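S.K.: Following this line is run25.pdb, made up of PDB, C-alpha atoms and all ligand atoms:
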ATOM      1  CA  MET A   1      77.795 137.376 183.762
ATOM      2  CA  SER A   2      80.910 138.096 181.767
ATOM      3  CA  THR A   3      82.921 141.105 182.894
ATOM      4  CA  ASN A   4      84.883 141.257 179.654
ATOM      5  CA  CYS A   5      84.116 144.229 177.492
ATOM      6  CA  LEU A   6      83.286 143.749 173.841
ATOM      7  CA  PRO A   7      85.644 145.700 171.586
ATOM      8  CA  ALA A   8      84.355 148.944 170.132
ATOM      9  CA  HIS A   9      84.406 149.561 166.404
ATOM     10  CA  TRP A  10      85.310 152.962 165.088
ATOM     11  CA  GLN A  11      85.307 153.827 161.443
ATOM     12  CA  GLY A  12      84.739 157.019 159.540
ATOM     13  CA  ARG A  13      85.799 159.241 156.763
ATOM     14  CA  ILE A  14      89.523 159.762 156.113
ATOM     15  CA  ASP A  15      90.463 162.914 154.230
ATOM     16  CA  GLN A  16      93.336 162.765 151.759
ATOM     17  CA  GLU A  17      94.276 166.465 151.824
ATOM     18  CA  GLN A  18      97.460 167.781 153.450
ATOM     19  CA  PRO A  19      98.584 168.673 156.050
ATOM     20  CA  ALA A  20      97.175 165.462 157.571
ATOM     21  CA  GLU A  21      97.107 166.807 161.154
ATOM     22  CA  GLN A  22      94.517 169.366 160.058
ATOM     23  CA  THR A  23      92.167 166.744 158.661
ATOM     24  CA  THR A  24      91.835 164.639 161.809
ATOM     25  CA  ARG A  25      88.536 163.068 162.788
ATOM     26  CA  LEU A  26      87.622 161.438 166.086
ATOM     27  CA  HIS A  27      87.902 157.836 164.866
ATOM     28  CA  GLN A  28      91.579 158.510 164.121
ATOM     29  CA  CYS A  29      92.173 159.579 167.756
ATOM     30  CA  ILE A  30      90.884 156.439 169.518
ATOM     31  CA  ARG A  31      93.228 154.207 171.508
ATOM     32  CA  HIS A  32      92.350 150.868 173.035
ATOM     33  CA  GLU A  33      95.159 150.611 175.607
ATOM     34  CA  PRO A  34      95.019 152.504 178.927
ATOM     35  CA  ALA A  35      96.725 155.887 178.682
ATOM     36  CA  PRO A  36      96.189 159.243 180.414
ATOM     37  CA  GLY A  37      93.215 161.232 179.131
ATOM     38  CA  TRP A  38      89.526 160.583 178.584
ATOM     39  CA  GLN A  39      88.283 157.017 179.053
ATOM     40  CA  LEU A  40      85.204 155.728 177.190
ATOM     41  CA  LEU A  41      83.155 152.786 178.445
ATOM     42  CA  GLY A  42      79.883 151.531 177.011
ATOM     43  CA  PHE A  43      77.080 150.089 179.145
ATOM     44  CA  ALA A  44      75.128 148.123 176.549
ATOM     45  CA  CYS A  45      72.025 147.725 178.646
ATOM     46  CA  ASP A  46      68.325 148.506 178.584
ATOM     47  CA  VAL A  47      67.154 146.152 181.312
ATOM     48  CA  GLY A  48      66.450 149.204 183.480
ATOM     49  CA  VAL A  49      64.317 150.754 180.741
ATOM     50  CA  ALA A  50      62.309 147.539 180.419
ATOM     51  CA  ARG A  51      61.843 147.371 184.196
ATOM     52  CA  ASN A  52      60.674 151.003 184.078
ATOM     53  CA  GLN A  53      58.038 150.011 181.489
ATOM     54  CA  GLY A  54      59.857 151.960 178.796
ATOM     55  CA  ARG A  55      60.677 151.081 175.197
ATOM     56  CA  SER A  56      63.694 148.762 174.874
ATOM     57  CA  GLY A  57      66.549 149.419 172.459
ATOM     58  CA  ALA A  58      69.053 151.544 174.397
ATOM     59  CA  ALA A  59      71.429 148.562 174.646
ATOM     60  CA  ALA A  60      72.490 149.497 171.109
ATOM     61  CA  GLY A  61      73.115 153.102 172.219
ATOM     62  CA  PRO A  62      76.883 152.967 172.799
ATOM     63  CA  GLN A  63      77.655 151.730 169.288
ATOM     64  CA  ALA A  64      75.263 154.247 167.729
ATOM     65  CA  ILE A  65      76.939 157.116 169.600
ATOM     66  CA  ARG A  66      80.379 155.939 168.428
ATOM     67  CA  HIS A  67      79.089 155.651 164.869
ATOM     68  CA  ALA A  68      77.690 159.201 164.949
ATOM     69  CA  ALA A  69      80.803 160.638 166.625
ATOM     70  CA  ALA A  70      83.396 158.821 164.489
ATOM     71  CA  SER A  71      83.626 161.405 161.708
ATOM     72  CA  LEU A  72      83.516 164.515 163.894
ATOM     73  CA  ALA A  73      86.342 166.881 163.014
ATOM     74  CA  TRP A  74      88.674 166.482 165.968
ATOM     75  CA  PRO A  75      91.838 168.162 167.265
ATOM     76  CA  ALA A  76      94.881 166.056 166.361
ATOM     77  CA  GLY A  77      96.541 164.863 169.552
ATOM     78  CA  LEU A  78      93.382 164.801 171.675
ATOM     79  CA  CYS A  79      93.220 161.027 172.068
ATOM     80  CA  LEU A  80      90.521 159.056 173.863
ATOM     81  CA  THR A  81      90.834 155.529 175.221
ATOM     82  CA  ASP A  82      87.875 153.279 174.402
ATOM     83  CA  HIS A  83      87.466 150.260 176.692
ATOM     84  CA  GLY A  84      84.542 148.872 174.683
ATOM     85  CA  ASP A  85      81.110 147.788 175.885
ATOM     86  CA  LEU A  86      80.134 145.782 178.915
ATOM     87  CA  PRO A  87      77.318 143.516 177.745
ATOM     88  CA  VAL A  88      74.444 142.715 180.095
ATOM     89  CA  GLU A  89      73.148 139.186 180.044
ATOM     90  CA  GLY A  90      69.547 138.366 180.841
ATOM     91  CA  ASP A  91      68.038 140.286 183.720
ATOM     92  CA  GLY A  92      71.338 140.544 185.621
ATOM     93  CA  LEU A  93      71.272 144.303 185.941
ATOM     94  CA  GLU A  94      72.623 144.676 189.487
ATOM     95  CA  ALA A  95      75.661 142.462 188.829
ATOM     96  CA  ALA A  96      76.346 144.271 185.565
ATOM     97  CA  GLN A  97      76.117 147.672 187.259
ATOM     98  CA  GLN A  98      78.619 146.560 189.898
ATOM     99  CA  ALA A  99      80.971 145.157 187.254
ATOM    100  CA  PHE A 100      80.714 148.379 185.248
ATOM    101  CA  GLY A 101      81.401 150.402 188.404
ATOM    102  CA  ARG A 102      84.601 148.432 188.981
ATOM    103  CA  ARG A 103      85.673 149.156 185.403
ATOM    104  CA  VAL A 104      84.917 152.863 185.839
ATOM    105  CA  ALA A 105      86.845 153.030 189.124
ATOM    106  CA  GLN A 106      89.918 151.556 187.390
ATOM    107  CA  ALA A 107      89.587 153.865 184.394
ATOM    108  CA  LEU A 108      89.285 156.967 186.623
ATOM    109  CA  ASP A 109      92.944 156.548 187.547
ATOM    110  CA  TYR A 110      93.787 157.528 183.953
ATOM    111  CA  GLY A 111      91.418 160.462 183.538
ATOM    112  CA  PRO A 112      87.766 161.455 183.296
ATOM    113  CA  VAL A 113      85.342 158.733 182.247
ATOM    114  CA  LEU A 114      82.615 159.033 179.650
ATOM    115  CA  ALA A 115      79.986 156.331 180.122
ATOM    116  CA  LEU A 116      77.941 155.633 177.004
ATOM    117  CA  GLY A 117      74.500 154.256 177.806
ATOM    118  CA  GLY A 118      72.409 152.307 177.788
ATOM    119  CA  GLY A 119      69.319 153.306 179.695
ATOM    120  CA  HIS A 120      69.707 155.775 182.530
ATOM    121  CA  GLU A 121      70.448 152.838 184.840
ATOM    122  CA  THR A 122      73.920 153.616 183.438
ATOM    123  CA  ALA A 123      74.219 156.420 186.020
ATOM    124  CA  TRP A 124      73.990 153.990 188.954
ATOM    125  CA  ALA A 125      76.569 151.758 187.224
ATOM    126  CA  SER A 126      79.071 154.546 186.444
ATOM    127  CA  GLY A 127      78.306 156.400 189.684
ATOM    128  CA  GLN A 128      79.237 153.340 191.777
ATOM    129  CA  GLY A 129      82.649 153.539 190.132
ATOM    130  CA  LEU A 130      83.059 157.187 191.087
ATOM    131  CA  LEU A 131      81.959 156.437 194.665
ATOM    132  CA  GLN A 132      84.585 153.685 194.807
ATOM    133  CA  TRP A 133      87.210 156.146 193.528
ATOM    134  CA  LEU A 134      86.085 158.724 196.115
ATOM    135  CA  LYS A 135      86.718 156.195 198.911
ATOM    136  CA  ASN A 136      90.382 156.479 197.951
ATOM    137  CA  HIS A 137      90.184 160.276 197.729
ATOM    138  CA  PRO A 138      88.468 161.247 200.977
ATOM    139  CA  GLY A 139      87.275 164.733 201.824
ATOM    140  CA  LEU A 140      85.978 165.635 198.367
ATOM    141  CA  ARG A 141      82.417 166.897 197.931
ATOM    142  CA  LEU A 142      80.510 165.204 195.099
ATOM    143  CA  GLY A 143      78.143 167.050 192.796
ATOM    144  CA  ILE A 144      75.723 165.122 190.597
ATOM    145  CA  LEU A 145      74.375 167.310 187.816
ATOM    146  CA  ASN A 146      71.637 165.568 185.843
ATOM    147  CA  PHE A 147      70.164 167.053 182.682
ATOM    148  CA  ASP A 148      66.934 165.109 182.473
ATOM    149  CA  ALA A 149      63.178 165.414 182.057
ATOM    150  CA  HIS A 150      62.901 163.102 185.068
ATOM    151  CA  LEU A 151      64.248 163.228 188.605
ATOM    152  CA  ASP A 152      64.985 159.469 188.495
ATOM    153  CA  LEU A 153      64.558 159.379 192.277
ATOM    154  CA  ARG A 154      62.198 156.398 192.414
ATOM    155  CA  GLN A 155      62.855 153.796 195.102
ATOM    156  CA  PRO A 156      63.909 150.381 193.806
ATOM    157  CA  GLN A 157      61.078 147.891 194.298
ATOM    158  CA  GLY A 158      61.969 144.516 195.758
ATOM    159  CA  GLY A 159      65.674 145.343 195.467
ATOM    160  CA  GLN A 160      65.283 145.939 191.726
ATOM    161  CA  GLY A 161      66.511 149.220 190.319
ATOM    162  CA  SER A 162      65.539 150.598 186.925
ATOM    163  CA  SER A 163      66.192 153.554 184.647
ATOM    164  CA  GLY A 164      63.985 155.561 187.044
ATOM    165  CA  THR A 165      65.984 154.902 190.228
ATOM    166  CA  PRO A 166      69.695 155.740 189.663
ATOM    167  CA  PHE A 167      69.885 158.978 191.630
ATOM    168  CA  TYR A 168      67.923 157.562 194.573
ATOM    169  CA  GLN A 169      70.444 154.712 194.618
ATOM    170  CA  LEU A 170      73.401 157.095 194.378
ATOM    171  CA  LEU A 171      72.128 159.391 197.135
ATOM    172  CA  GLN A 172      71.514 156.388 199.418
ATOM    173  CA  ALA A 173      74.999 155.042 198.682
ATOM    174  CA  CYS A 174      76.547 158.447 199.467
ATOM    175  CA  GLN A 175      74.725 158.457 202.787
ATOM    176  CA  ARG A 176      76.034 154.958 203.582
ATOM    177  CA  GLN A 177      79.636 155.956 202.947
ATOM    178  CA  ASN A 178      79.326 159.439 204.489
ATOM    179  CA  GLN A 179      80.060 161.006 201.132
ATOM    180  CA  PRO A 180      78.954 164.663 200.957
ATOM    181  CA  VAL A 181      76.783 165.069 197.864
ATOM    182  CA  GLN A 182      74.649 167.650 196.075
ATOM    183  CA  TYR A 183      72.150 166.602 193.432
ATOM    184  CA  ALA A 184      70.782 168.926 190.755
ATOM    185  CA  CYS A 185      68.265 168.067 188.042
ATOM    186  CA  LEU A 186      67.974 170.575 185.204
ATOM    187  CA  GLY A 187      65.315 170.377 182.519
ATOM    188  CA  LEU A 188      62.740 168.345 184.362
ATOM    189  CA  ASN A 189      59.188 168.146 183.122
ATOM    190  CA  ARG A 190      56.871 169.127 185.963
ATOM    191  CA  TRP A 191      54.175 166.800 184.660
ATOM    192  CA  ALA A 192      56.417 163.759 184.216
ATOM    193  CA  ASN A 193      57.383 163.625 187.903
ATOM    194  CA  THR A 194      54.828 162.871 190.611
ATOM    195  CA  ALA A 195      54.218 165.024 193.687
ATOM    196  CA  LEU A 196      55.928 162.319 195.748
ATOM    197  CA  LEU A 197      59.118 162.593 193.675
ATOM    198  CA  HIS A 198      59.095 166.407 193.854
ATOM    199  CA  GLN A 199      58.683 166.134 197.640
ATOM    200  CA  ARG A 200      61.526 163.614 197.885
ATOM    201  CA  ALA A 201      63.752 165.981 195.887
ATOM    202  CA  ARG A 202      62.845 168.978 198.070
ATOM    203  CA  ASP A 203      63.483 166.903 201.230
ATOM    204  CA  ARG A 204      66.974 166.184 199.947
ATOM    205  CA  GLY A 205      67.755 169.748 198.956
ATOM    206  CA  VAL A 206      67.871 168.971 195.228
ATOM    207  CA  TRP A 207      68.318 171.974 192.945
ATOM    208  CA  MET A 208      65.630 171.666 190.274
ATOM    209  CA  VAL A 209      65.007 173.752 187.162
ATOM    210  CA  GLU A 210      62.045 172.949 184.961
ATOM    211  CA  ASP A 211      62.373 172.696 181.188
ATOM    212  CA  ARG A 212      59.962 175.652 180.707
ATOM    213  CA  HIS A 213      62.252 177.860 182.822
ATOM    214  CA  ILE A 214      65.333 177.220 180.688
ATOM    215  CA  ARG A 215      64.924 179.938 178.066
ATOM    216  CA  GLU A 216      67.298 182.127 176.142
ATOM    217  CA  GLY A 217      66.397 185.223 178.168
ATOM    218  CA  ARG A 218      67.209 183.396 181.390
ATOM    219  CA  LEU A 219      70.382 181.680 180.211
ATOM    220  CA  ASN A 220      72.836 184.149 181.758
ATOM    221  CA  ALA A 221      71.114 184.046 185.138
ATOM    222  CA  LEU A 222      71.050 180.268 184.957
ATOM    223  CA  ARG A 223      74.750 180.158 184.116
ATOM    224  CA  GLN A 224      75.464 182.335 187.161
ATOM    225  CA  ARG A 225      73.371 180.049 189.346
ATOM    226  CA  LEU A 226      75.149 176.979 187.932
ATOM    227  CA  ARG A 227      78.561 178.566 188.630
ATOM    228  CA  ARG A 228      77.532 179.074 192.258
ATOM    229  CA  TRP A 229      76.350 175.449 192.488
ATOM    230  CA  LEU A 230      79.593 174.173 190.948
ATOM    231  CA  ALA A 231      81.552 176.192 193.510
ATOM    232  CA  THR A 232      79.985 174.071 196.283
ATOM    233  CA  VAL A 233      81.371 170.760 194.968
ATOM    234  CA  ASP A 234      84.858 169.371 194.259
ATOM    235  CA  VAL A 235      84.123 166.463 191.926
ATOM    236  CA  LEU A 236      81.419 166.464 189.266
ATOM    237  CA  HIS A 237      79.325 163.584 187.935
ATOM    238  CA  LEU A 238      77.535 165.036 184.910
ATOM    239  CA  SER A 239      74.728 162.868 183.628
ATOM    240  CA  ILE A 240      72.842 163.621 180.425
ATOM    241  CA  ASP A 241      69.605 161.804 179.713
ATOM    242  CA  LEU A 242      68.965 162.544 176.051
ATOM    243  CA  ASP A 243      65.233 162.720 176.801
ATOM    244  CA  VAL A 244      65.914 166.195 178.196
ATOM    245  CA  LEU A 245      66.031 167.339 174.540
ATOM    246  CA  PRO A 246      62.771 168.132 172.739
ATOM    247  CA  THR A 247      61.364 165.305 170.647
ATOM    248  CA  TRP A 248      62.220 167.031 167.341
ATOM    249  CA  GLU A 249      65.894 166.991 168.343
ATOM    250  CA  ALA A 250      65.834 163.657 170.151
ATOM    251  CA  PRO A 251      63.114 161.324 168.906
ATOM    252  CA  GLY A 252      65.308 158.280 169.616
ATOM    253  CA  VAL A 253      64.599 157.914 173.321
ATOM    254  CA  SER A 254      62.185 155.816 175.339
ATOM    255  CA  ALA A 255      60.242 158.859 176.578
ATOM    256  CA  PRO A 256      60.385 161.779 174.098
ATOM    257  CA  ALA A 257      59.876 165.271 175.537
ATOM    258  CA  ALA A 258      57.102 167.498 174.197
ATOM    259  CA  HIS A 259      58.824 170.620 175.588
ATOM    260  CA  GLY A 260      62.358 169.722 176.599
ATOM    261  CA  VAL A 261      65.499 171.843 176.601
ATOM    262  CA  PRO A 262      66.798 172.503 173.088
ATOM    263  CA  LEU A 263      70.411 171.711 172.245
ATOM    264  CA  ALA A 264      71.117 175.435 171.746
ATOM    265  CA  LEU A 265      70.414 175.999 175.470
ATOM    266  CA  LEU A 266      71.680 172.655 176.760
ATOM    267  CA  GLU A 267      75.113 172.971 175.153
ATOM    268  CA  PRO A 268      76.262 176.155 176.919
ATOM    269  CA  LEU A 269      75.224 174.704 180.286
ATOM    270  CA  VAL A 270      77.042 171.429 179.604
ATOM    271  CA  GLN A 271      80.054 173.404 178.397
ATOM    272  CA  LEU A 272      80.123 175.497 181.575
ATOM    273  CA  ALA A 273      79.955 172.409 183.799
ATOM    274  CA  ALA A 274      82.580 170.530 181.787
ATOM    275  CA  ALA A 275      84.955 173.511 181.850
ATOM    276  CA  SER A 276      84.753 173.719 185.661
ATOM    277  CA  GLY A 277      87.883 171.619 186.129
ATOM    278  CA  LYS A 278      85.836 169.296 188.346
ATOM    279  CA  LEU A 279      84.373 166.889 185.807
ATOM    280  CA  LYS A 280      85.404 163.276 186.551
ATOM    281  CA  LEU A 281      82.472 161.342 185.137
ATOM    282  CA  ALA A 282      79.937 162.005 182.408
ATOM    283  CA  ASP A 283      77.074 159.827 181.174
ATOM    284  CA  LEU A 284      75.312 160.016 177.817
ATOM    285  CA  ALA A 285      72.233 157.891 178.314
ATOM    286  CA  GLU A 286      68.957 156.693 176.814
ATOM    287  CA  LEU A 287      69.770 156.755 173.090
ATOM    288  CA  ASN A 288      67.504 154.177 171.461
ATOM    289  CA  PRO A 289      68.666 153.864 167.820
ATOM    290  CA  GLN A 290      65.560 151.857 166.854
ATOM    291  CA  LEU A 291      63.386 154.899 167.537
ATOM    292  CA  ASP A 292      65.740 157.492 166.071
ATOM    293  CA  ILE A 293      64.912 159.465 162.927
ATOM    294  CA  ASP A 294      67.776 160.277 160.530
ATOM    295  CA  HIS A 295      70.220 159.687 163.414
ATOM    296  CA  ARG A 296      69.039 162.967 164.971
ATOM    297  CA  THR A 297      69.410 161.789 168.555
ATOM    298  CA  ALA A 298      72.728 160.069 167.864
ATOM    299  CA  ARG A 299      74.056 163.247 166.241
ATOM    300  CA  ALA A 300      72.950 165.318 169.236
ATOM    301  CA  ALA A 301      74.722 162.814 171.497
ATOM    302  CA  ALA A 302      77.864 163.070 169.368
ATOM    303  CA  ARG A 303      77.853 166.873 169.649
ATOM    304  CA  LEU A 304      77.418 166.662 173.391
ATOM    305  CA  LEU A 305      80.323 164.204 173.541
ATOM    306  CA  ALA A 306      82.484 166.725 171.686
ATOM    307  CA  VAL A 307      81.380 169.614 173.919
ATOM    308  CA  LEU A 308      81.980 167.608 177.103
ATOM    309  CA  VAL A 309      85.452 166.440 176.154
ATOM    310  CA  GLN A 310      86.683 169.615 174.509
ATOM    311  CA  ALA A 311      85.293 171.966 177.187
ATOM    312  CA  GLN A 312      86.905 169.827 179.895
ATOM    313  CA  GLU A 313      90.193 170.090 177.996
ATOM    314  CA  GLY A 314      89.813 173.879 177.853
ATOM    315  CA  LEU A 315      89.425 173.872 174.060
ATOM    316  CA  LEU A 316      86.001 175.570 173.840
ATOM    317  CA  LYS A 317      85.403 179.266 174.287
TER
HETATM  318 MN    MN B   1      66.711 159.767 183.213
END
Represent the supplied structure as structure tokens.
M.R.:
Amino acid sequence: MSTNCLPAHWQGRIDQEQPAEQTTRLHQCIRHEPAPGWQLLGFACDVGVARNQGRSGAAAGPQAIRHAAASLAWPAGLCLTDHGDLPVEGDGLEAAQQAFGRRVAQALDYGPVLALGGGHETAWASGQGLLQWLKNHPGLRLGILNFDAHLDLRQPQGGQGSSGTPFYQLLQACQRQNQPVQYACLGLNRWANTALLHQRARDRGVWMVEDRHIREGRLNALRQRLRRWLATVDVLHLSIDLDVLPTWEAPGVSAPAAHGVPLALLEPLVQLAAASGKLKLADLAELNPQLDIDHRTARAAARLLAVLVQAQEGLLK
């Protein structure tokens, strides 16, 4: 398997009005050489989705997110480094996840990493990179905050992981390297996770909030609860599976959500987590452009990208 990343293509609208620094869009703020600040890496992979009996197509996710995000109005001077996409050849998921993890670990020396998926097997790829980085920064408590309709705590079968196993794999890896970790899954669909998976989550002290319990009237209480959870960790891995959004906002995913957590409620929670000062790694996973309608899912992903980056930079109130 090649460990070279394919270059990323960014193009978008360029405004001709003056002053130019007030007409900046994201595609004009992308660098391709390492420099301090946010680091983007694409995991162009849907092998895990296929293994999980889902609908393939998320390998094209990273480029679709870039395309949707390219013309976002963007603060001049807030530059991001894009390392391109790591392609996955054949069924070589495990090797690709390790290679991606090595890339993420290197990039983390420059700043927080945004991993563009790919299926949710992206989280085990990017998360391995953060675990590697944590080996060199001992004593830090890791928090994994997953916005997802699914716990993704399945056990790999026959040594084969999938888009349904990343957080099981991460929790096991933390145990192996004595890494303190807390896992939270917000937005899960009670009926899309078996009793066994709920039990496994309870056994591991996972903080779970169902989609139907994330409502406007409960948002302030939930924000308080999330602040308390964030206070118990030092380094945050924020993972967003776009299938946490309702199907009318995110039709372009393998498993669309009938209920879900609407963007209007998801955004303030993502913003709060990203503004914690602890965010080191974020994933945007499961965009399948083949199934999208009018780029709805890609546009939601682009907004979440903007919220993540700008909240982490302290630019969102
Ligand atoms: Mn997931």
S.K.: So that each row is one residue of chain A with an atom at most 7 Å from ligand MN 1 (chain B), can you give its shortest atom pair and the distance in Å to one decimal, using all atoms listed in the file, rows by chain and rising number, as a tab-separated table?
M.R.:
residue	atom	partner	partner_atom	distance
A:His120	CA	B:MN1	MN	5.0
A:Asp148	CA	B:MN1	MN	5.4
A:Ala149	CA	B:MN1	MN	6.8
A:His150	CA	B:MN1	MN	5.4
A:Leu151	CA	B:MN1	MN	6.9
A:Asp152	CA	B:MN1	MN	5.6
A:Ser163	CA	B:MN1	MN	6.4
A:Gly164	CA	B:MN1	MN	6.3
A:Asp241	CA	B:MN1	MN	5.0
S.K.: Applying the PyMOL selection byres (((chain A and resi 141-144) around 7) and not hetatm) to the file I just gave you, which residues come out? Please list them as a ChimeraX atom specification.
M.R.: /A:139-140,145-146,180-184,233-238
S.K.: Taking the file as shown, find all residues satisfying the PyMOL selection byres (((chain A and resi 254-271) around 8) and not hetatm) and write them as a PyMOL selection string.
M.R.: chain A and resi 49+54-56+149+187-189+211-212+214-216+219+223+226+243-247+249-253+272-275+286-288+291+300+304+307-308+311-312+316
S.K.: What would the selection look like, as an NGL selection string, if the PyMOL selection byres (((chain A and resi 84-100) around 9) and not hetatm) were run on the coordinates I just shared?
M.R.: :A and (1-9 or 32 or 40-48 or 59 or 62-63 or 82-83 or 101-105 or 116 or 121-122 or 124-126 or 128-129 or 160-162)
S.K.: Go through A:Arg154, A:His213, A:Lys317, A:Arg225 and flag the residue nearest Gln172 in chain A, using only C-alpha atoms for the distances.
M.R.: A:Arg154
S.K.: Name the residues in contact with Ser71 in chain A at a cut-off of 8 Å, using all atoms listed in the file, excluding same-chain residues fewer than 6 positions from it; report them as a list in words.
M.R.: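 Surrounding residues, per the criterion: Gln11, Gly12, Arg13, Arg25, Leu26 and His27 of chain A.
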S.K.: Mind writing the picked residues with C-alpha atoms as a PDB file, keeping the file's coordinate frame?
M.R.:
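Done, and the output landed in again-v5.pdb:
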ATOM      1  CA  GLN A  11      85.307 153.827 161.443  1.00  0.00           C
ATOM      2  CA  GLY A  12      84.739 157.019 159.540  1.00  0.00           C
ATOM      3  CA  ARG A  13      85.799 159.241 156.763  1.00  0.00           C
ATOM      4  CA  ARG A  25      88.536 163.068 162.788  1.00  0.00           C
ATOM      5  CA  LEU A  26      87.622 161.438 166.086  1.00  0.00           C
ATOM      6  CA  HIS A  27      87.902 157.836 164.866  1.00  0.00           C
TER       7      HIS A  27
END
S.K.: As an exercise, work out the distance from CA of Gly158 in chain A to CA of Arg190 in chain A in Å and give it to one decimal place.
M.R.: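 It comes out at 27.0 Å.
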S.K.: Please compute the CA of Ala69 in chain A-CA of Thr24 in chain A distance, one decimal, in Å.
M.R.: 12.7 Å
S.K.: Suppose you want the space between CA of Gly118 in chain A and CA of Ala58 in chain A; what is it in Å?
M.R.: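 Between CA of Gly118 in chain A and CA of Ala58 in chain A the gap is 4.8 Å.
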S.K.: Of the residues A:Leu78, A:Leu170, A:Ala35, A:Ala282, which is the one nearest to Gly314 in chain A, using only C-alpha atoms?
M.R.: A:Leu78
S.K.: Edge lengths and centre in Å to one decimal, as JSON, of the axis-aligned box that encloses all listed atoms of range 209-216 of chain A with 5 Å added on every side?
M.R.:
{"center_x": 63.6, "center_y": 177.4, "center_z": 181.7, "size_x": 17.3, "size_y": 19.4, "size_z": 21.0}
S.K.: For Trp207 in chain A, which residue out of A:Arg228, A:Arg51, A:Arg303, A:Lys278 is the nearest one, using all atoms listed in the file?
M.R.: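 Comparing A:Arg228, A:Arg51, A:Arg303, A:Lys278 against Trp207 in chain A, the winner is A:Arg228.
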S.K.: So, with only C-alpha atoms as the atoms that count, which of A:Phe147, A:Trp191, A:Trp38, A:Trp248 lies closest to Ala123 in chain A?
M.R.: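 Nearest to Ala123 in chain A: A:Phe147.
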S.K.: So, counting all atoms listed in the file, which residue among A:Cys174, A:Ala221, A:Leu72, A:Ala302 is closest to Leu130 in chain A?
M.R.: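 Nearest candidate to Leu130 in chain A out of A:Cys174, A:Ala221, A:Leu72, A:Ala302: A:Cys174.
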